[in-house]
>>> print(open('my_file27.cif').read())   # mmCIF, C-alpha atoms (C1' of nucleotides)
data_structure
#
loop_
_atom_site.label_atom_id
_atom_site.label_comp_id
_atom_site.auth_asym_id
_atom_site.auth_seq_id
_atom_site.Cartn_x
_atom_site.Cartn_y
_atom_site.Cartn_z
CA MET Y 1 250.92 242.69 -56.31
CA THR Y 2 248.99 241.24 -59.15
CA THR Y 3 250.71 238.01 -58.26
CA LYS Y 4 248.49 236.81 -55.51
CA ALA Y 5 248.62 233.29 -56.83
CA ALA Y 6 252.21 232.08 -56.90
CA ILE Y 7 252.88 232.64 -53.24
CA ILE Y 8 255.08 230.22 -51.37
CA PRO Y 9 253.48 226.88 -50.82
CA GLU Y 10 255.39 225.76 -47.75
CA SER Y 11 254.80 222.27 -46.50
CA PRO Y 12 254.23 221.66 -42.79
CA SER Y 13 257.69 220.12 -42.64
CA GLU Y 14 259.26 223.18 -44.11
CA GLN Y 15 257.36 225.48 -41.85
CA THR Y 16 258.41 223.45 -38.86
CA PHE Y 17 261.98 223.42 -40.01
CA ARG Y 18 262.04 227.16 -40.33
CA ALA Y 19 260.28 227.64 -37.03
CA LEU Y 20 262.98 225.53 -35.46
CA LEU Y 21 265.70 227.65 -36.99
CA LYS Y 22 263.99 230.74 -35.72
CA THR Y 23 263.59 229.35 -32.23
CA MET Y 24 267.24 228.51 -32.09
CA GLY Y 25 268.36 231.90 -33.24
CA MET Y 26 266.21 233.63 -30.74
CA MET Y 27 267.14 231.45 -27.84
CA ARG Y 28 270.77 232.04 -28.46
CA ARG Y 29 270.19 235.76 -28.54
CA VAL Y 30 268.54 235.58 -25.16
CA MET Y 31 270.89 233.13 -23.50
CA GLU Y 32 274.20 234.46 -24.68
CA PRO Y 33 273.94 237.73 -22.71
CA TYR Y 34 273.10 235.69 -19.65
CA PHE Y 35 276.32 233.72 -19.86
CA SER Y 36 278.39 236.72 -20.75
CA ARG Y 37 277.48 238.20 -17.40
CA PHE Y 38 279.75 235.52 -16.00
CA GLY Y 39 282.50 236.07 -18.50
CA ILE Y 40 281.82 232.92 -20.50
CA SER Y 41 280.01 231.98 -23.71
CA GLY Y 42 277.26 229.46 -24.25
CA SER Y 43 279.72 226.97 -25.67
CA GLN Y 44 282.01 227.35 -22.74
CA TRP Y 45 279.05 226.79 -20.48
CA GLY Y 46 278.25 223.63 -22.36
CA VAL Y 47 281.65 222.20 -21.55
CA MET Y 48 281.55 223.30 -17.96
CA ARG Y 49 278.09 221.90 -17.48
CA ALA Y 50 279.13 218.56 -18.89
CA LEU Y 51 282.15 218.45 -16.60
CA TRP Y 52 280.04 219.43 -13.64
CA PHE Y 53 277.48 216.74 -14.20
CA ALA Y 54 280.18 214.17 -14.76
CA ASP Y 55 281.67 215.27 -11.48
CA GLN Y 56 278.32 214.88 -9.73
CA VAL Y 57 278.24 211.31 -10.88
CA GLY Y 58 281.68 210.62 -9.55
CA GLU Y 59 283.53 211.07 -12.79
CA ALA Y 60 286.05 213.71 -11.90
CA SER Y 61 287.36 214.24 -15.40
CA VAL Y 62 286.16 213.70 -18.93
CA ARG Y 63 288.19 213.00 -22.02
CA VAL Y 64 287.98 215.24 -25.05
CA THR Y 65 286.28 212.60 -27.17
CA ASP Y 66 283.57 212.08 -24.59
CA LEU Y 67 282.95 215.81 -24.44
CA SER Y 68 282.68 215.77 -28.20
CA ASP Y 69 280.07 213.01 -28.06
CA ARG Y 70 278.07 214.59 -25.30
CA LEU Y 71 278.04 218.08 -26.71
CA LEU Y 72 277.56 217.00 -30.30
CA ILE Y 73 280.49 219.01 -31.52
CA ARG Y 74 283.63 217.69 -33.19
CA PRO Y 75 286.83 217.15 -31.29
CA PRO Y 76 288.60 220.17 -32.79
CA SER Y 77 285.83 222.40 -31.51
CA VAL Y 78 286.21 220.92 -28.07
CA THR Y 79 289.91 221.65 -28.19
CA THR Y 80 289.44 225.33 -28.87
CA VAL Y 81 286.76 225.82 -26.25
CA VAL Y 82 288.80 223.95 -23.68
CA ASP Y 83 291.84 226.01 -24.64
CA ARG Y 84 290.00 229.15 -23.77
CA LEU Y 85 288.57 227.77 -20.55
CA GLU Y 86 292.00 226.61 -19.54
CA ARG Y 87 293.46 230.04 -20.17
CA GLN Y 88 290.73 231.45 -17.94
CA GLY Y 89 291.70 228.98 -15.25
CA LEU Y 90 288.29 227.33 -15.21
CA VAL Y 91 289.31 223.87 -16.34
CA LEU Y 92 292.53 221.97 -16.72
CA ARG Y 93 293.83 219.23 -18.95
CA GLU Y 94 295.90 216.34 -17.76
CA GLY Y 95 297.22 213.30 -19.51
CA SER Y 96 295.80 209.92 -18.62
CA PRO Y 97 298.30 207.52 -17.09
CA SER Y 98 296.70 204.49 -18.70
CA ASP Y 99 296.58 205.87 -22.22
CA GLN Y 100 299.08 208.49 -23.26
CA ARG Y 101 296.89 209.70 -26.07
CA VAL Y 102 293.95 210.88 -24.05
CA LYS Y 103 293.65 214.15 -22.27
CA GLU Y 104 291.32 214.27 -19.32
CA VAL Y 105 289.60 217.58 -18.76
CA ARG Y 106 288.27 218.65 -15.39
CA LEU Y 107 287.00 221.67 -13.54
CA THR Y 108 289.31 223.67 -11.33
CA ASP Y 109 288.04 225.00 -8.02
CA ALA Y 110 287.43 228.33 -9.69
CA GLY Y 111 285.52 226.51 -12.40
CA ARG Y 112 283.35 224.70 -9.92
CA LYS Y 113 282.63 227.91 -8.14
CA LEU Y 114 281.57 229.56 -11.37
CA VAL Y 115 279.33 226.66 -12.31
CA ARG Y 116 277.52 227.04 -9.03
CA ARG Y 117 277.01 230.72 -9.65
CA VAL Y 118 275.74 230.16 -13.17
CA LEU Y 119 273.46 227.30 -12.20
CA HIS Y 120 271.89 229.50 -9.60
CA GLY Y 121 270.09 231.67 -12.12
CA HIS Y 122 270.24 229.27 -15.02
CA THR Y 123 267.10 227.32 -14.34
CA ALA Y 124 265.11 230.49 -13.79
CA GLN Y 125 266.49 231.91 -17.00
CA ILE Y 126 265.41 228.91 -19.03
CA GLU Y 127 262.11 228.78 -17.24
CA THR Y 128 261.49 232.34 -18.39
CA LEU Y 129 262.53 231.46 -21.88
CA LEU Y 130 259.94 228.74 -22.11
CA ASP Y 131 257.14 230.08 -20.01
CA GLY Y 132 255.17 231.00 -23.06
CA LEU Y 133 254.12 227.38 -23.08
CA SER Y 134 251.83 225.63 -20.66
CA GLY Y 135 253.08 222.66 -18.72
CA SER Y 136 251.36 220.12 -20.89
CA GLU Y 137 252.42 221.86 -24.05
CA LEU Y 138 255.98 221.83 -22.83
CA GLN Y 139 255.68 218.16 -22.10
CA ALA Y 140 254.35 217.50 -25.58
CA LEU Y 141 257.08 219.60 -27.14
CA LEU Y 142 259.74 217.73 -25.26
CA GLN Y 143 258.31 214.42 -26.34
CA SER Y 144 258.18 215.44 -29.97
CA LEU Y 145 261.71 216.72 -29.88
CA GLU Y 146 262.93 213.53 -28.32
CA ARG Y 147 261.23 211.44 -30.91
CA LEU Y 148 262.58 213.71 -33.60
CA ASN Y 149 266.06 213.47 -32.16
CA SER Y 150 266.11 209.74 -32.13
CA HIS Y 151 264.90 209.76 -35.70
CA LEU Y 152 267.70 212.13 -36.65
CA GLU Y 153 270.16 209.97 -34.79
CA SER Y 154 269.08 206.94 -36.75
CA MET Y 155 269.43 208.88 -39.99
CA HIS Y 156 272.95 209.67 -39.03
CA GLU Y 157 274.16 206.14 -39.42
CA GLY Y 158 273.44 205.87 -43.10
CA VAL Y 159 274.29 209.37 -44.21
CA GLY Y 160 277.07 208.54 -46.60
CA ASP Y 161 277.30 212.05 -47.98
CA GLY Y 162 281.03 211.86 -48.11
CA HIS Y 163 282.01 212.01 -44.49
CA HIS Y 164 281.06 209.29 -42.17
CA LEU Y 165 280.60 210.42 -38.64
CA ARG Y 166 282.25 207.73 -36.66
CA LYS Y 167 278.96 207.71 -34.76
CA ASN Y 168 279.14 205.87 -31.54
CA GLY Y 169 282.15 204.08 -30.29
CA LYS Y 170 282.08 202.97 -26.74
CA THR Y 171 280.40 205.89 -25.08
CA ASN Y 172 279.11 203.37 -22.66
CA ARG Y 173 278.51 206.23 -20.41
CA LYS Y 174 275.00 205.19 -19.69
CA ASP Y 175 274.19 208.86 -20.16
CA TYR Y 176 272.87 210.84 -17.29
CA GLU Y 177 269.94 209.48 -15.44
CA VAL Y 178 267.67 211.85 -13.76
CA ASP Y 179 267.39 210.71 -10.20
CA MET X 180 278.63 205.18 -7.28
CA THR X 181 277.61 205.59 -3.71
CA THR X 182 276.24 208.91 -4.85
CA LYS X 183 272.93 207.81 -6.13
CA ALA X 184 271.24 210.77 -4.57
CA ALA X 185 272.68 214.00 -5.98
CA ILE X 186 272.02 213.23 -9.59
CA ILE X 187 270.93 215.96 -11.93
CA PRO X 188 267.45 217.18 -11.27
CA GLU X 189 266.62 218.65 -14.66
CA SER X 190 263.40 220.54 -14.98
CA PRO X 191 261.14 219.98 -17.99
CA SER X 192 262.19 223.39 -19.28
CA GLU X 193 265.82 222.48 -19.10
CA GLN X 194 265.27 219.15 -20.76
CA THR X 195 263.35 220.82 -23.52
CA PHE X 196 266.00 223.44 -23.93
CA ARG X 197 268.69 220.82 -24.29
CA ALA X 198 266.57 218.75 -26.63
CA LEU X 199 266.21 221.81 -28.78
CA LEU X 200 269.95 222.34 -28.86
CA LYS X 201 270.43 218.76 -29.83
CA THR X 202 267.85 218.93 -32.57
CA MET X 203 269.51 221.95 -34.03
CA GLY X 204 272.93 220.42 -34.00
CA MET X 205 271.72 217.32 -35.69
CA MET X 206 269.68 219.05 -38.31
CA ARG X 207 272.60 221.16 -39.31
CA ARG X 208 274.74 218.07 -39.63
CA VAL X 209 272.20 216.56 -41.99
CA MET X 210 271.35 219.64 -44.01
CA GLU X 211 274.78 221.10 -44.51
CA PRO X 212 276.00 218.25 -46.73
CA TYR X 213 272.86 218.65 -48.80
CA PHE X 214 273.62 222.26 -49.59
CA SER X 215 277.27 221.65 -50.14
CA ARG X 216 276.35 219.38 -53.02
CA PHE X 217 275.36 222.61 -54.76
CA GLY X 218 278.46 224.48 -53.73
CA ILE X 219 276.74 226.63 -51.13
CA SER X 220 276.29 226.63 -47.36
CA GLY X 221 273.13 226.69 -45.32
CA SER X 222 273.57 230.39 -44.62
CA GLN X 223 274.04 231.14 -48.25
CA TRP X 224 270.91 229.18 -48.96
CA GLY X 225 269.06 231.27 -46.42
CA VAL X 226 269.87 234.43 -48.30
CA MET X 227 269.07 232.97 -51.70
CA ARG X 228 265.80 231.58 -50.46
CA ALA X 229 264.79 234.94 -49.05
CA LEU X 230 265.65 236.64 -52.32
CA TRP X 231 263.80 234.02 -54.28
CA PHE X 232 260.62 234.35 -52.28
CA ALA X 233 260.80 238.12 -52.45
CA ASP X 234 261.12 237.77 -56.18
CA GLN X 235 258.07 235.50 -56.32
CA VAL X 236 256.09 238.22 -54.64
CA GLY X 237 257.24 240.81 -57.13
CA GLU X 238 259.99 242.27 -55.04
CA ALA X 239 262.96 241.92 -57.32
CA SER X 240 265.56 243.00 -54.81
CA VAL X 241 265.91 243.19 -51.04
CA ARG X 242 267.98 245.56 -48.98
CA VAL X 243 270.59 244.30 -46.57
CA THR X 244 268.64 245.42 -43.54
CA ASP X 245 265.56 243.55 -44.64
CA LEU X 246 267.60 240.43 -45.16
CA SER X 247 268.95 240.90 -41.68
CA ASP X 248 265.42 241.13 -40.28
CA ARG X 249 264.09 238.18 -42.20
CA LEU X 250 267.00 235.87 -41.51
CA LEU X 251 267.40 236.96 -37.92
CA ILE X 252 271.07 237.64 -38.35
CA ARG X 253 272.86 240.97 -37.91
CA PRO X 254 273.76 243.18 -40.82
CA PRO X 255 277.49 242.40 -40.68
CA SER X 256 276.69 238.74 -41.08
CA VAL X 257 274.54 239.51 -44.07
CA THR X 258 277.38 241.47 -45.58
CA THR X 259 279.80 238.59 -45.41
CA VAL X 260 277.38 236.02 -46.77
CA VAL X 261 276.34 238.32 -49.59
CA ASP X 262 280.01 239.02 -50.33
CA ARG X 263 280.60 235.37 -50.90
CA LEU X 264 277.48 234.89 -52.96
CA GLU X 265 278.42 237.86 -55.06
CA ARG X 266 281.88 236.45 -55.67
CA GLN X 267 280.22 233.24 -56.81
CA GLY X 268 278.06 235.23 -59.20
CA LEU X 269 274.83 234.13 -57.57
CA VAL X 270 273.60 237.51 -56.39
CA LEU X 271 274.47 241.10 -57.04
CA ARG X 272 274.38 244.32 -55.10
CA GLU X 273 273.24 247.61 -56.50
CA GLY X 274 272.74 251.00 -54.96
CA SER X 275 269.25 252.36 -54.64
CA PRO X 276 268.56 255.57 -56.56
CA SER X 277 266.18 256.90 -53.92
CA ASP X 278 268.50 256.39 -50.97
CA GLN X 279 272.21 256.35 -51.55
CA ARG X 280 272.85 254.48 -48.35
CA VAL X 281 270.97 251.34 -49.15
CA LYS X 282 272.23 248.42 -51.17
CA GLU X 283 269.66 246.29 -52.92
CA VAL X 284 270.58 242.64 -53.27
CA ARG X 285 269.08 240.42 -55.92
CA LEU X 286 269.56 237.06 -57.58
CA THR X 287 271.42 236.78 -60.85
CA ASP X 288 270.17 234.43 -63.53
CA ALA X 289 272.71 231.89 -62.35
CA GLY X 290 271.42 232.39 -58.83
CA ARG X 291 267.83 231.82 -59.86
CA LYS X 292 268.82 228.71 -61.70
CA LEU X 293 270.60 227.36 -58.66
CA VAL X 294 267.64 228.11 -56.41
CA ARG X 295 265.43 226.05 -58.67
CA ARG X 296 267.85 223.15 -58.54
CA VAL X 297 268.12 223.31 -54.77
CA LEU X 298 264.39 223.68 -54.22
CA HIS X 299 263.83 220.60 -56.28
CA GLY X 300 265.22 218.24 -53.67
CA HIS X 301 264.89 220.55 -50.73
CA THR X 302 261.36 219.73 -49.73
CA ALA X 303 262.04 216.04 -49.93
CA GLN X 304 265.16 216.48 -47.85
CA ILE X 305 263.30 218.24 -45.10
CA GLU X 306 260.45 215.82 -45.34
CA THR X 307 262.92 213.03 -44.66
CA LEU X 308 264.39 214.95 -41.79
CA LEU X 309 261.05 215.21 -40.08
CA ASP X 310 259.35 212.01 -41.07
CA GLY X 311 259.97 210.53 -37.68
CA LEU X 312 256.90 212.45 -36.64
CA SER X 313 253.32 211.79 -37.58
CA GLY X 314 251.32 214.45 -39.34
CA SER X 315 249.43 215.50 -36.26
CA GLU X 316 252.52 215.49 -34.15
CA LEU X 317 254.23 217.68 -36.67
CA GLN X 318 251.29 220.02 -36.58
CA ALA X 319 251.43 220.18 -32.81
CA LEU X 320 255.17 220.74 -32.87
CA LEU X 321 254.80 223.58 -35.32
CA GLN X 322 252.14 225.18 -33.22
CA SER X 323 254.22 224.96 -30.07
CA LEU X 324 257.23 226.41 -31.81
CA GLU X 325 255.23 229.26 -33.17
CA ARG X 326 253.80 230.07 -29.80
CA LEU X 327 257.26 229.78 -28.32
CA ASN X 328 258.68 232.05 -30.97
CA SER X 329 256.20 234.78 -30.40
CA HIS X 330 256.91 234.54 -26.71
CA LEU X 331 260.62 234.87 -27.37
CA GLU X 332 259.97 237.77 -29.66
CA SER X 333 258.05 239.55 -26.98
CA MET X 334 260.89 238.93 -24.53
CA HIS X 335 263.23 240.56 -26.93
CA GLU X 336 261.80 244.00 -26.45
CA GLY X 337 262.69 244.33 -22.83
CA VAL X 338 266.02 242.58 -22.82
CA GLY X 339 268.11 245.50 -21.73
CA ASP X 340 271.28 243.48 -21.31
CA GLY X 341 273.37 246.24 -22.73
CA HIS X 342 272.52 246.14 -26.38
CA HIS X 343 269.10 246.94 -27.53
CA LEU X 344 268.17 245.23 -30.71
CA ARG X 345 266.56 247.90 -32.73
CA LYS X 346 263.78 245.34 -32.93
CA ASN X 347 261.32 246.11 -35.62
CA GLY X 348 261.34 249.34 -37.48
CA LYS X 349 259.22 249.40 -40.52
CA THR X 350 259.56 245.85 -41.67
CA ASN X 351 256.02 246.30 -42.77
CA ARG X 352 256.68 243.42 -45.01
CA LYS X 353 253.56 241.67 -43.92
CA ASP X 354 255.77 238.59 -43.91
CA TYR X 355 255.12 235.87 -46.36
CA GLU X 356 251.64 234.56 -46.54
CA VAL X 357 251.14 231.04 -47.56
CA ASP X 358 248.79 231.07 -50.44
"C1'" DA F 359 271.80 277.04 -44.43
"C1'" DG F 360 274.01 274.43 -40.81
"C1'" DC F 361 274.68 271.20 -37.11
"C1'" DG F 362 273.58 267.19 -34.70
"C1'" DT F 363 271.24 262.77 -34.72
"C1'" DT F 364 269.78 258.66 -36.89
"C1'" DT F 365 270.03 255.04 -40.30
"C1'" DA F 366 272.42 251.75 -43.83
"C1'" DG F 367 276.09 249.31 -44.67
"C1'" DT F 368 280.85 247.85 -44.13
"C1'" DT F 369 285.25 246.94 -41.62
"C1'" DA F 370 287.82 245.04 -37.68
"C1'" DG F 371 288.40 241.68 -34.47
"C1'" DT F 372 286.69 237.60 -31.68
"C1'" DT F 373 284.43 233.09 -31.05
"C1'" DT F 374 282.58 228.74 -32.50
"C1'" DC F 375 281.90 225.60 -35.57
"C1'" DC F 376 283.51 222.67 -39.41
"C1'" DT F 377 286.78 219.35 -42.48
"C1'" DA F 378 291.27 217.70 -43.63
"C1'" DA F 379 295.56 216.60 -42.29
"C1'" DA F 380 299.33 216.02 -38.85
"C1'" DT F 381 301.05 213.83 -34.61
"C1'" DA F 382 301.26 210.62 -31.13
"C1'" DC F 383 300.20 206.52 -29.25
"C1'" DC F 384 298.06 201.82 -28.81
"C1'" DA F 385 297.41 197.06 -30.28
"C1'" DG F 386 297.40 193.09 -33.06
"C1'" DT F 387 300.11 190.39 -36.67
"C1'" DT F 388 303.60 188.53 -38.75
"C1'" DA U 389 310.90 193.48 -33.18
"C1'" DA U 390 308.80 195.93 -36.92
"C1'" DC U 391 304.56 196.99 -39.51
"C1'" DT U 392 300.06 198.06 -40.08
"C1'" DG U 393 295.76 199.80 -38.83
"C1'" DG U 394 293.10 202.30 -35.74
"C1'" DT U 395 292.18 205.87 -32.03
"C1'" DA U 396 292.89 210.55 -29.43
"C1'" DT U 397 294.02 214.98 -29.85
"C1'" DT U 398 295.77 219.00 -32.02
"C1'" DT U 399 296.87 222.09 -35.94
"C1'" DA U 400 295.60 224.55 -40.14
"C1'" DG U 401 292.44 226.87 -42.65
"C1'" DG U 402 287.80 228.44 -43.70
"C1'" DA U 403 282.79 230.01 -42.91
"C1'" DA U 404 279.33 232.21 -40.12
"C1'" DA U 405 277.85 234.54 -36.32
"C1'" DC U 406 278.56 238.34 -33.00
"C1'" DT U 407 279.79 243.36 -31.05
"C1'" DA U 408 281.99 247.71 -31.60
"C1'" DA U 409 283.36 251.14 -34.31
"C1'" DC U 410 283.55 253.55 -38.73
"C1'" DT U 411 281.76 255.95 -43.20
"C1'" DA U 412 278.28 257.91 -45.81
"C1'" DA U 413 273.92 259.58 -46.52
"C1'" DA U 414 269.43 261.30 -44.92
"C1'" DC U 415 266.58 263.82 -41.66
"C1'" DG U 416 265.23 267.48 -38.80
"C1'" DC U 417 265.36 271.32 -36.12
"C1'" DT U 418 266.53 275.88 -34.97
#
>>> encode(input="my_file27.cif", output="structure tokens")
Amino acid sequence: MTTKAAIIPESPSEQTFRALLKTMGMMRRVMEPYFSRFGISGSQWGVMRALWFADQVGEASVRVTDLSDRLLIRPPSVTTVVDRLERQGLVLREGSPSDQRVKEVRLTDAGRKLVRRVLHGHTAQIETLLDGLSGSELQALLQSLERLNSHLESMHEGVGDGHHLRKNGKTNRKDYEVD
Amino acid sequence: MTTKAAIIPESPSEQTFRALLKTMGMMRRVMEPYFSRFGISGSQWGVMRALWFADQVGEASVRVTDLSDRLLIRPPSVTTVVDRLERQGLVLREGSPSDQRVKEVRLTDAGRKLVRRVLHGHTAQIETLLDGLSGSELQALLQSLERLNSHLESMHEGVGDGHHLRKNGKTNRKDYEVD
DNA sequence: AGCGTTTAGTTAGTTTCCTAAATACCAGTT
DNA sequence: AACTGGTATTTAGGAAACTAACTAAACGCT
């Protein structure tokens, strides 16, 4: 180790970026086993959660495109996850009468029951995940992430690296408001 | 919407968790096109970066298991990424003389050249990604993530959900120190 | 020396994500 | 009414991650 000099000059941005990657990887490793106790994956949970919350707001079913927007995954990915959930009898797909192109996805009774079971421990699970941080630190982290996210969102418009992400459309869903 | 009441009571932890998911998704969407300009993926970059930094520290090659530890992905995943890199002539695998089981992976000249090209714009790219945050905010974010990560790491020991992650072993690598 | 256990890596098979392209339908124009 | 352009979803194909199970080599203990 004569080379003590030339050692990795990482910028704060790079360090943060890598820390973020690491956090993600580790969270998935912790969460995935939790979901698998219920026979579903994290992605499947994402869909079910979205459908559940839509339901809570009086929106009994959600179209594939809306799921794609809300979950930040592309429509083909939604299709495959929904396929699997449908095979498991947790959701179902039905054509919309007003527009023959759209497929509305909604929870079955079994699906709703499972969501309730998962939600039961879910909050505690995530609480545990994050309880290495104090309340105020958590607050600060959330704020930073939100700012970061809106920055990333604004970058998304002018990406131009070949594919344009249709970005937006009329997801006039008003998003979820926390009561 | 007579149901104004029962609307989604998300805890700060949950919000943070979801914000984190969102950040990840968006960062990948922005970074992936960057790497693909060089004919590689983000995962491939991860491996090359690790090899590069090892090299900088005088460690010409890295064994698969060490890559797995450093990148936080399982050995089979390392195998497939290295396979692809090897096919592209960017890295090569060679058996260790001291232990016939281990495979040492290292960059080829072409690989090193590519790393230099990628690194050139890499920092700027990440800088852009994160420049929605002020310097101090970035600092705070990094600190929170690091604390969070060590918390998650400590959780990892006592997971017990079926698989134990060998966790640790002699990765007495001292990790990379920033000069 | 020999037998069982552990460790390193790969193979097999599944899931989730992606892009590109196909299909089906809607809507406005001529 | 037919065409053209745009939107919703699926299909096809590929990459990366995982677990489980396998092979090969090393260790270690009697």
>>> interface_residues(input="my_file27.cif", of="chain Y", to="chain F", cutoff="8 Å", atoms="all atoms listed in the file", output="short mmCIF file (atom, residue, chain, number, x, y, z; two decimals) with C-alpha atoms, keeping the file's coordinate frame")
data_model
loop_
_atom_site.label_atom_id
_atom_site.label_comp_id
_atom_site.auth_asym_id
_atom_site.auth_seq_id
_atom_site.Cartn_x
_atom_site.Cartn_y
_atom_site.Cartn_z
CA SER Y 43 279.72 226.97 -25.67
CA ILE Y 73 280.49 219.01 -31.52
CA ARG Y 74 283.63 217.69 -33.19
CA SER Y 77 285.83 222.40 -31.51
CA ASP Y 99 296.58 205.87 -22.22
CA GLN Y 100 299.08 208.49 -23.26
CA ARG Y 101 296.89 209.70 -26.07
#
>>> residues_around(input="my_file27.cif", residues="Leu71 of chain Y", least_positions_apart="3", cutoff="8 Å", atoms="only C-alpha atoms (C1' of nucleotides)", output="list in words")
Gly46, Val47, Ala50, Leu67 and Ser68 of chain Y
>>> write_last_selection(input="my_file27.cif", atoms="C-alpha atoms", output="mmCIF file, in the coordinates of the input")
data_model
loop_
_atom_site.group_PDB
_atom_site.id
_atom_site.type_symbol
_atom_site.label_atom_id
_atom_site.label_comp_id
_atom_site.auth_asym_id
_atom_site.auth_seq_id
_atom_site.Cartn_x
_atom_site.Cartn_y
_atom_site.Cartn_z
ATOM 1 C CA GLY Y 46 278.250 223.630 -22.360
ATOM 2 C CA VAL Y 47 281.650 222.200 -21.550
ATOM 3 C CA ALA Y 50 279.130 218.560 -18.890
ATOM 4 C CA LEU Y 67 282.950 215.810 -24.440
ATOM 5 C CA SER Y 68 282.680 215.770 -28.200
#
>>> closest_atom_pairs(input="my_file27.cif", of="chain U", to="chain Y", cutoff="10 Å", atoms="only C-alpha atoms (C1' of nucleotides)", output="Markdown table")
| residue | atom | partner | partner_atom | distance |
| --- | --- | --- | --- | --- |
| U:DT395 | C1' | Y:Arg101 | CA | 8.5 |
| U:DA396 | C1' | Y:Arg101 | CA | 5.3 |
| U:DT397 | C1' | Y:Arg101 | CA | 7.1 |
| U:DT398 | C1' | Y:Pro76 | CA | 7.3 |
| U:DT399 | C1' | Y:Pro76 | CA | 9.1 |
| U:DC406 | C1' | Y:Arg29 | CA | 9.8 |
>>> closest_residue(input="my_file27.cif", among="X:Glu325, X:Glu283, X:Asp248, X:Glu273", to="chain Y", atoms="all atoms listed in the file")
X:Glu325
>>> resolve_selection(input="my_file27.cif", expression="the PyMOL selection byres ((chain X and resi 202) around 9)", output="list in words")
Leu20, Leu145, Glu146, Leu148, Asn149 and Leu152 of chain Y; Arg197, Ala198, Leu199, Leu200, Lys201, Met203, Gly204, Met205, Met206 and Arg207 of chain X
>>> write_last_selection(input="my_file27.cif", atoms="C-alpha atoms", output="PDB file, in the coordinates of the input")
ATOM      1  CA  LEU Y  20     262.980 225.530 -35.460  1.00  0.00           C
ATOM      2  CA  LEU Y 145     261.710 216.720 -29.880  1.00  0.00           C
ATOM      3  CA  GLU Y 146     262.930 213.530 -28.320  1.00  0.00           C
ATOM      4  CA  LEU Y 148     262.580 213.710 -33.600  1.00  0.00           C
ATOM      5  CA  ASN Y 149     266.060 213.470 -32.160  1.00  0.00           C
ATOM      6  CA  LEU Y 152     267.700 212.130 -36.650  1.00  0.00           C
TER       7      LEU Y 152
ATOM      8  CA  ARG X 197     268.690 220.820 -24.290  1.00  0.00           C
ATOM      9  CA  ALA X 198     266.570 218.750 -26.630  1.00  0.00           C
ATOM     10  CA  LEU X 199     266.210 221.810 -28.780  1.00  0.00           C
ATOM     11  CA  LEU X 200     269.950 222.340 -28.860  1.00  0.00           C
ATOM     12  CA  LYS X 201     270.430 218.760 -29.830  1.00  0.00           C
ATOM     13  CA  MET X 203     269.510 221.950 -34.030  1.00  0.00           C
ATOM     14  CA  GLY X 204     272.930 220.420 -34.000  1.00  0.00           C
ATOM     15  CA  MET X 205     271.720 217.320 -35.690  1.00  0.00           C
ATOM     16  CA  MET X 206     269.680 219.050 -38.310  1.00  0.00           C
ATOM     17  CA  ARG X 207     272.600 221.160 -39.310  1.00  0.00           C
TER      18      ARG X 207
END
>>> residues_around(input="my_file27.cif", residues="Asp109 of chain Y", least_positions_apart="5", cutoff="9 Å", atoms="only C-alpha atoms (C1' of nucleotides)", output="NGL selection string")
:Y and (90-91 or 114)
>>> residues_around(input="my_file27.cif", residues="Glu193 of chain X", least_positions_apart="5", cutoff="12 Å", atoms="only C-alpha atoms (C1' of nucleotides)", output="number ranges by chain")
Y: 119, 122-131, 138-139, 142; X: 187-188, 198-200
>>> write_last_selection(input="my_file27.cif", atoms="C-alpha atoms", output="PDB file, in the frame of the given file")
ATOM      1  CA  LEU Y 119     273.460 227.300 -12.200  1.00  0.00           C
ATOM      2  CA  HIS Y 122     270.240 229.270 -15.020  1.00  0.00           C
ATOM      3  CA  THR Y 123     267.100 227.320 -14.340  1.00  0.00           C
ATOM      4  CA  ALA Y 124     265.110 230.490 -13.790  1.00  0.00           C
ATOM      5  CA  GLN Y 125     266.490 231.910 -17.000  1.00  0.00           C
ATOM      6  CA  ILE Y 126     265.410 228.910 -19.030  1.00  0.00           C
ATOM      7  CA  GLU Y 127     262.110 228.780 -17.240  1.00  0.00           C
ATOM      8  CA  THR Y 128     261.490 232.340 -18.390  1.00  0.00           C
ATOM      9  CA  LEU Y 129     262.530 231.460 -21.880  1.00  0.00           C
ATOM     10  CA  LEU Y 130     259.940 228.740 -22.110  1.00  0.00           C
ATOM     11  CA  ASP Y 131     257.140 230.080 -20.010  1.00  0.00           C
ATOM     12  CA  LEU Y 138     255.980 221.830 -22.830  1.00  0.00           C
ATOM     13  CA  GLN Y 139     255.680 218.160 -22.100  1.00  0.00           C
ATOM     14  CA  LEU Y 142     259.740 217.730 -25.260  1.00  0.00           C
TER      15      LEU Y 142
ATOM     16  CA  ILE X 187     270.930 215.960 -11.930  1.00  0.00           C
ATOM     17  CA  PRO X 188     267.450 217.180 -11.270  1.00  0.00           C
ATOM     18  CA  ALA X 198     266.570 218.750 -26.630  1.00  0.00           C
ATOM     19  CA  LEU X 199     266.210 221.810 -28.780  1.00  0.00           C
ATOM     20  CA  LEU X 200     269.950 222.340 -28.860  1.00  0.00           C
TER      21      LEU X 200
END
>>> atom_distance(input="my_file27.cif", atom1="atom CA of Val241 of chain X", atom2="atom C1' of DC410 of chain U")
23.9 Å
>>> resolve_selection(input="my_file27.cif", expression="the PyMOL selection byres ((chain X and resi 227) around 12)", output="ChimeraX atom specification")
/X:214,219-226,228-234,240-241,246,249-250,257,260-261,263-265,268-271,284-295,297-298
>>> closest_residue(input="my_file27.cif", among="X:Glu211, X:Arg296, X:Gln267, X:Ser323", to="chain Y", atoms="all atoms listed in the file")
X:Ser323
